[in-house]
file query-v4.txt (compact mmCIF, C-alpha atoms)
# COMPACT_ATOMS: atom_id res chain seq x y z
CA VAL A 1307 1.89 -2.88 5.52
CA LYS A 1308 -1.71 -2.14 4.52
CA ALA A 1309 -2.21 -0.26 7.81
CA ALA A 1310 0.72 2.06 7.04
CA GLN A 1311 -0.59 2.66 3.51
CA MET A 1312 -4.05 3.55 4.85
CA GLU A 1313 -2.80 5.82 7.67
CA LYS A 1314 -3.36 9.12 5.87
CA ILE A 1315 -6.35 7.98 3.79
CA ASP A 1316 -8.47 6.60 6.64
CA PRO A 1317 -7.10 6.27 10.19
CA VAL A 1318 -10.01 4.04 11.24
CA VAL A 1319 -9.30 1.53 8.46
CA SER A 1320 -5.59 1.74 9.29
CA HIS A 1321 -6.26 1.05 12.97
CA TYR A 1322 -8.37 -2.02 12.28
CA CYS A 1323 -5.78 -3.37 9.84
CA ARG A 1324 -3.35 -3.26 12.77
CA VAL A 1325 -5.91 -4.87 15.07
CA TYR A 1326 -6.34 -7.70 12.56
CA ALA A 1327 -2.56 -8.12 12.20
CA CYS A 1328 -2.13 -8.20 15.97
CA GLU A 1329 -4.94 -10.72 16.48
CA THR A 1330 -3.54 -12.91 13.73
CA GLY A 1331 -0.04 -12.66 15.20
CA LEU A 1332 -1.32 -13.67 18.63
CA GLN A 1333 -3.20 -16.66 17.20
CA ILE A 1334 -0.36 -18.08 15.11
CA ARG A 1335 2.62 -17.21 17.27
CA ASP A 1336 5.06 -19.77 18.54
CA LYS A 1337 4.75 -19.34 22.31
CA SER A 1338 8.38 -20.34 22.80
CA ASP A 1339 9.60 -17.56 20.46
CA LYS A 1340 10.08 -14.36 22.45
CA SER A 1341 10.71 -12.24 19.34
CA THR A 1342 7.01 -12.46 18.45
CA ILE A 1343 6.02 -10.94 21.78
CA GLU A 1344 8.75 -8.32 21.42
CA PHE A 1345 7.12 -7.33 18.13
CA LEU A 1346 3.51 -7.51 19.32
CA LEU A 1347 3.82 -5.60 22.60
CA PRO A 1348 4.70 -2.26 20.95
CA LEU A 1349 1.92 -2.89 18.44
CA LEU A 1350 -0.55 -3.42 21.30
CA ASP A 1351 0.63 -0.14 22.87
CA GLN A 1352 0.16 1.62 19.54
CA LEU A 1353 -3.34 0.17 19.21
CA GLU A 1354 -4.31 1.45 22.65
CA LYS A 1355 -3.08 4.95 21.79
CA GLU A 1356 -4.89 4.91 18.44
CA LYS A 1357 -8.08 3.72 20.13
CA GLN A 1358 -7.96 6.72 22.47
CA ASP A 1359 -7.14 9.11 19.62
CA LEU A 1360 -9.98 7.80 17.45
CA GLY A 1361 -12.55 7.95 20.22
CA GLY A 1362 -15.87 6.26 19.56
CA VAL A 1363 -15.97 5.02 15.98
CA GLU A 1364 -19.38 4.49 14.44
CA ASP A 1365 -19.58 1.18 12.57
CA PRO A 1366 -15.91 0.58 11.67
CA LYS A 1367 -16.80 -2.66 9.86
CA MET A 1368 -18.99 -0.70 7.44
CA GLN A 1369 -16.19 1.83 6.85
CA ILE A 1370 -13.76 -0.95 6.01
CA GLU A 1371 -16.26 -2.76 3.78
CA LEU A 1372 -17.01 0.46 1.88
CA MET A 1373 -13.30 1.10 1.34
CA ALA A 1374 -12.79 -2.51 0.21
CA LEU A 1375 -15.73 -2.32 -2.21
CA LYS A 1376 -14.55 1.00 -3.63
CA ILE A 1377 -11.11 -0.46 -4.38
CA PHE A 1378 -12.67 -3.70 -5.64
CA THR A 1379 -14.96 -1.85 -8.06
CA LYS A 1380 -12.11 0.22 -9.46
CA ALA A 1381 -10.00 -2.91 -10.07
CA ASP A 1382 -12.93 -4.83 -11.56
CA ASN A 1383 -13.78 -1.94 -13.88
CA GLN A 1384 -10.15 -1.91 -15.12
CA TYR A 1385 -10.35 -5.66 -15.68
CA TYR A 1386 -13.59 -5.46 -17.66
CA ALA A 1387 -12.27 -2.48 -19.64
CA ARG A 1388 -9.46 -4.85 -20.72
CA LYS A 1389 -6.91 -2.56 -19.07
CA ALA A 1390 -5.78 -4.94 -16.33
CA ASP A 1391 -2.18 -4.40 -15.22
CA LEU A 1392 -0.14 -4.71 -12.03
CA ASN A 1393 -2.11 -1.83 -10.49
CA THR A 1394 -5.25 -3.89 -11.04
CA VAL A 1395 -3.56 -6.77 -9.20
CA LYS A 1396 -2.72 -4.40 -6.33
CA GLY A 1397 -6.33 -3.19 -6.26
CA PHE A 1398 -7.78 -6.68 -6.10
CA ARG A 1399 -5.24 -7.71 -3.44
CA ALA A 1400 -5.91 -4.57 -1.36
CA SER A 1401 -9.66 -5.10 -1.50
CA ALA A 1402 -9.25 -8.77 -0.53
CA THR A 1403 -7.03 -7.77 2.40
CA LEU A 1404 -9.55 -5.23 3.66
CA MET A 1405 -12.35 -7.79 3.35
CA GLU A 1406 -10.17 -10.17 5.34
CA VAL A 1407 -9.84 -7.51 8.06
CA CYS A 1408 -13.64 -7.53 8.38
CA LYS A 1409 -13.35 -11.05 9.79
CA ILE A 1410 -12.55 -9.36 13.11
CA TRP A 1411 -16.33 -9.14 13.53
CA GLY A 1412 -17.03 -12.74 12.49
CA GLU A 1413 -17.83 -14.45 9.22
CA LEU A 1414 -18.11 -12.30 6.14
CA ALA A 1415 -21.53 -11.66 4.65
CA PRO A 1416 -22.10 -13.99 1.68
CA ASP A 1417 -21.78 -11.21 -0.92
CA ILE A 1418 -18.54 -9.93 0.66
CA ALA A 1419 -17.17 -13.48 0.96
CA GLU A 1420 -17.90 -14.03 -2.74
CA LYS A 1421 -16.14 -10.79 -3.73
CA HIS A 1422 -13.22 -11.68 -1.42
CA LYS A 1423 -12.69 -14.98 -3.21
CA TYR A 1424 -13.20 -13.37 -6.64
CA ALA A 1425 -10.65 -10.62 -5.86
CA LYS A 1426 -8.02 -13.16 -4.83
CA VAL A 1427 -8.62 -15.29 -7.93
CA LYS A 1428 -8.53 -12.29 -10.30
CA ALA A 1429 -5.37 -10.90 -8.70
CA ALA A 1430 -3.63 -14.23 -9.25
CA GLU A 1431 -5.02 -14.60 -12.79
CA ILE A 1432 -3.96 -11.10 -13.86
CA PHE A 1433 -0.53 -11.47 -12.26
CA LYS A 1434 0.03 -14.79 -14.02
CA ALA A 1435 -1.03 -13.27 -17.34
CA HIS A 1436 1.38 -10.37 -16.78
CA GLN A 1437 4.24 -12.77 -16.08
CA GLU A 1438 3.42 -14.64 -19.28
CA GLY A 1439 3.39 -11.41 -21.27
CA ARG A 1440 -0.31 -11.42 -22.04
CA VAL A 1441 -3.33 -9.42 -20.94
CA ALA A 1442 -5.94 -11.15 -18.79
CA MET A 1443 -9.20 -11.04 -20.69
CA PRO A 1444 -12.60 -10.88 -19.01
CA PRO A 1445 -15.43 -13.10 -20.20
CA VAL A 1446 -17.21 -11.91 -23.33
CA GLN A 1447 -20.90 -11.15 -22.87
CA ASP A 1448 -23.25 -12.15 -25.69
CA GLU A 1449 -25.62 -9.33 -24.69
CA PRO A 1450 -25.24 -6.59 -22.10
CA GLY A 1451 -26.00 -8.31 -18.83
CA GLY A 1452 -26.17 -11.67 -20.62
CA ALA A 1453 -24.34 -14.86 -19.86
CA PRO A 1454 -20.64 -15.10 -20.69
CA MET A 1455 -19.83 -16.78 -24.00
CA ALA A 1456 -16.12 -17.45 -23.55
CA ALA A 1457 -13.42 -16.38 -21.12
CA SER A 1458 -10.66 -15.99 -23.74
CA ASP A 1459 -8.75 -17.98 -26.29
CA SER A 1460 -7.29 -20.34 -23.67
CA ASP A 1461 -8.95 -23.64 -22.71
CA ASP A 1462 -7.78 -23.56 -19.09
CA ASP A 1463 -9.23 -20.20 -18.06
CA PRO A 1464 -11.12 -19.94 -14.76
CA PRO A 1465 -14.92 -19.76 -14.74
CA PRO A 1466 -16.69 -16.43 -15.28
CA PRO A 1467 -17.15 -14.03 -12.33
CA PRO A 1468 -19.99 -14.45 -9.87
CA PRO A 1469 -23.28 -13.00 -11.13
CA ASP A 1470 -23.39 -10.04 -8.71
CA CYS A 1471 -19.86 -8.87 -9.54
CA PRO A 1472 -19.66 -6.27 -12.31
call {"tool": "encode", "arguments": {"input": "query-v4.txt", "output": "structure tokens"}}
result
Amino acid sequence: VKAAQMEKIDPVVSHYCRVYACETGLQIRDKSDKSTIEFLLPLLDQLEKEKQDLGGVEDPKMQIELMALKIFTKADNQYYARKADLNTVKGFRASATLMEVCKIWGELAPDIAEKHKYAKVKAAEIFKAHQEGRVAMPPVQDEPGGAPMAASDSDDDPPPPPPDCP
């Protein structure tokens, strides 16, 4: 789904979303289920065609990380502006998905792994708040750049964001 959404925005990101989906499908497939192969074979053909169309791509991992961080920053800014809504959830989920795609090249860098986890947690937190009819509130800073004082009026809120996340 993410690959189709990214098609017009960035074909390289779209292609590697498909690569990740295909690799994941191949790893988790039930070898006795022929429908999985029937789904994956056309996807493999599409990937080969896209690879030829794209030609040599310079540092696709960096392109995907930059896209993920751009989306992440937009969602996090909405959250800290106390304007978190379902679009913020979509932003955090999209950024987490793109960070997940970067696992094609191995383990995520520590800062990306931290943002990946943070994005997933915040997406769930904001979605839950929306379902409960409330607005997810970011931690309150005692001074700009200072330590968080309190997350909100609830006692069971998650811990504050990692220090390098805005």
call {"tool": "atom_distance", "arguments": {"input": "query-v4.txt", "atom1": "CA of Asp1316 in chain A", "atom2": "CA of Lys1389 in chain A"}}
result
27.3 Å
call {"tool": "closest_residue", "arguments": {"input": "query-v4.txt", "among": "A:Ala1387, A:Leu1392, A:Leu1346, A:Leu1332", "to": "Phe1433 in chain A", "atoms": "only C-alpha atoms"}}
result
A:Leu1392
call {"tool": "closest_residue", "arguments": {"input": "query-v4.txt", "among": "A:Glu1431, A:Glu1371, A:Asp1351, A:Glu1406", "to": "Tyr1326 in chain A", "atoms": "all atoms listed in the file"}}
result
A:Glu1406
call {"tool": "decode", "arguments": {"input": "query-v4.txt", "residues": "range 1318-1344 of chain A", "atoms": "N, CA and C atoms", "output": "PDB file, in the first residue's frame"}}
result
ATOM      1  N   VAL A1318      11.751   5.871  -6.412  1.00  0.00           N
ATOM      2  CA  VAL A1318      12.792   5.060  -5.765  1.00  0.00           C
ATOM      3  C   VAL A1318      12.271   4.531  -4.432  1.00  0.00           C
ATOM      4  N   VAL A1319      11.660   5.399  -3.641  1.00  0.00           N
ATOM      5  CA  VAL A1319      11.093   4.978  -2.359  1.00  0.00           C
ATOM      6  C   VAL A1319      10.001   3.940  -2.603  1.00  0.00           C
ATOM      7  N   SER A1320       9.169   4.182  -3.587  1.00  0.00           N
ATOM      8  CA  SER A1320       8.100   3.249  -3.935  1.00  0.00           C
ATOM      9  C   SER A1320       8.667   1.867  -4.282  1.00  0.00           C
ATOM     10  N   HIS A1321       9.699   1.860  -5.114  1.00  0.00           N
ATOM     11  CA  HIS A1321      10.326   0.601  -5.529  1.00  0.00           C
ATOM     12  C   HIS A1321      10.835  -0.181  -4.323  1.00  0.00           C
ATOM     13  N   TYR A1322      11.539   0.495  -3.421  1.00  0.00           N
ATOM     14  CA  TYR A1322      12.104  -0.217  -2.282  1.00  0.00           C
ATOM     15  C   TYR A1322      11.051  -0.620  -1.248  1.00  0.00           C
ATOM     16  N   CYS A1323       9.927   0.051  -1.227  1.00  0.00           N
ATOM     17  CA  CYS A1323       8.802  -0.429  -0.405  1.00  0.00           C
ATOM     18  C   CYS A1323       8.325  -1.776  -0.947  1.00  0.00           C
ATOM     19  N   ARG A1324       8.265  -1.876  -2.276  1.00  0.00           N
ATOM     20  CA  ARG A1324       7.866  -3.155  -2.896  1.00  0.00           C
ATOM     21  C   ARG A1324       8.918  -4.233  -2.646  1.00  0.00           C
ATOM     22  N   VAL A1325      10.191  -3.864  -2.736  1.00  0.00           N
ATOM     23  CA  VAL A1325      11.260  -4.827  -2.472  1.00  0.00           C
ATOM     24  C   VAL A1325      11.114  -5.372  -1.054  1.00  0.00           C
ATOM     25  N   TYR A1326      10.885  -4.473  -0.095  1.00  0.00           N
ATOM     26  CA  TYR A1326      10.724  -4.890   1.297  1.00  0.00           C
ATOM     27  C   TYR A1326       9.505  -5.808   1.456  1.00  0.00           C
ATOM     28  N   ALA A1327       8.407  -5.450   0.821  1.00  0.00           N
ATOM     29  CA  ALA A1327       7.195  -6.274   0.897  1.00  0.00           C
ATOM     30  C   ALA A1327       7.445  -7.660   0.302  1.00  0.00           C
ATOM     31  N   CYS A1328       8.141  -7.694  -0.815  1.00  0.00           N
ATOM     32  CA  CYS A1328       8.429  -8.971  -1.468  1.00  0.00           C
ATOM     33  C   CYS A1328       9.354  -9.828  -0.603  1.00  0.00           C
ATOM     34  N   GLU A1329      10.413  -9.225  -0.073  1.00  0.00           N
ATOM     35  CA  GLU A1329      11.333  -9.971   0.792  1.00  0.00           C
ATOM     36  C   GLU A1329      10.619 -10.505   2.032  1.00  0.00           C
ATOM     37  N   THR A1330       9.762  -9.674   2.600  1.00  0.00           N
ATOM     38  CA  THR A1330       9.004 -10.101   3.779  1.00  0.00           C
ATOM     39  C   THR A1330       8.066 -11.247   3.413  1.00  0.00           C
ATOM     40  N   GLY A1331       7.379 -11.113   2.282  1.00  0.00           N
ATOM     41  CA  GLY A1331       6.475 -12.164   1.824  1.00  0.00           C
ATOM     42  C   GLY A1331       7.195 -13.479   1.599  1.00  0.00           C
ATOM     43  N   LEU A1332       8.385 -13.411   1.021  1.00  0.00           N
ATOM     44  CA  LEU A1332       9.164 -14.631   0.782  1.00  0.00           C
ATOM     45  C   LEU A1332       9.620 -15.272   2.092  1.00  0.00           C
ATOM     46  N   GLN A1333       9.941 -14.454   3.087  1.00  0.00           N
ATOM     47  CA  GLN A1333      10.415 -14.988   4.366  1.00  0.00           C
ATOM     48  C   GLN A1333       9.296 -15.635   5.180  1.00  0.00           C
ATOM     49  N   ILE A1334       8.096 -15.072   5.133  1.00  0.00           N
ATOM     50  CA  ILE A1334       7.036 -15.566   6.015  1.00  0.00           C
ATOM     51  C   ILE A1334       6.042 -16.478   5.322  1.00  0.00           C
ATOM     52  N   ARG A1335       6.233 -16.709   4.050  1.00  0.00           N
ATOM     53  CA  ARG A1335       5.230 -17.477   3.294  1.00  0.00           C
ATOM     54  C   ARG A1335       5.150 -18.925   3.756  1.00  0.00           C
ATOM     55  N   ASP A1336       3.973 -19.468   3.585  1.00  0.00           N
ATOM     56  CA  ASP A1336       3.726 -20.886   3.820  1.00  0.00           C
ATOM     57  C   ASP A1336       4.067 -21.586   2.508  1.00  0.00           C
ATOM     58  N   LYS A1337       5.119 -22.377   2.501  1.00  0.00           N
ATOM     59  CA  LYS A1337       5.604 -22.981   1.260  1.00  0.00           C
ATOM     60  C   LYS A1337       4.597 -23.925   0.627  1.00  0.00           C
ATOM     61  N   SER A1338       3.616 -24.368   1.375  1.00  0.00           N
ATOM     62  CA  SER A1338       2.606 -25.260   0.808  1.00  0.00           C
ATOM     63  C   SER A1338       1.448 -24.469   0.173  1.00  0.00           C
ATOM     64  N   ASP A1339       1.419 -23.159   0.404  1.00  0.00           N
ATOM     65  CA  ASP A1339       0.342 -22.315  -0.128  1.00  0.00           C
ATOM     66  C   ASP A1339       0.775 -21.693  -1.445  1.00  0.00           C
ATOM     67  N   LYS A1340       0.192 -22.157  -2.533  1.00  0.00           N
ATOM     68  CA  LYS A1340       0.575 -21.685  -3.866  1.00  0.00           C
ATOM     69  C   LYS A1340       0.083 -20.267  -4.151  1.00  0.00           C
ATOM     70  N   SER A1341      -0.925 -19.799  -3.426  1.00  0.00           N
ATOM     71  CA  SER A1341      -1.452 -18.456  -3.691  1.00  0.00           C
ATOM     72  C   SER A1341      -0.418 -17.379  -3.362  1.00  0.00           C
ATOM     73  N   THR A1342       0.460 -17.650  -2.413  1.00  0.00           N
ATOM     74  CA  THR A1342       1.508 -16.687  -2.071  1.00  0.00           C
ATOM     75  C   THR A1342       2.454 -16.506  -3.249  1.00  0.00           C
ATOM     76  N   ILE A1343       2.861 -17.604  -3.847  1.00  0.00           N
ATOM     77  CA  ILE A1343       3.755 -17.526  -5.009  1.00  0.00           C
ATOM     78  C   ILE A1343       3.037 -16.862  -6.180  1.00  0.00           C
ATOM     79  N   GLU A1344       1.754 -17.164  -6.347  1.00  0.00           N
ATOM     80  CA  GLU A1344       0.987 -16.532  -7.424  1.00  0.00           C
ATOM     81  C   GLU A1344       0.920 -15.017  -7.245  1.00  0.00           C
TER      82      GLU A1344
END
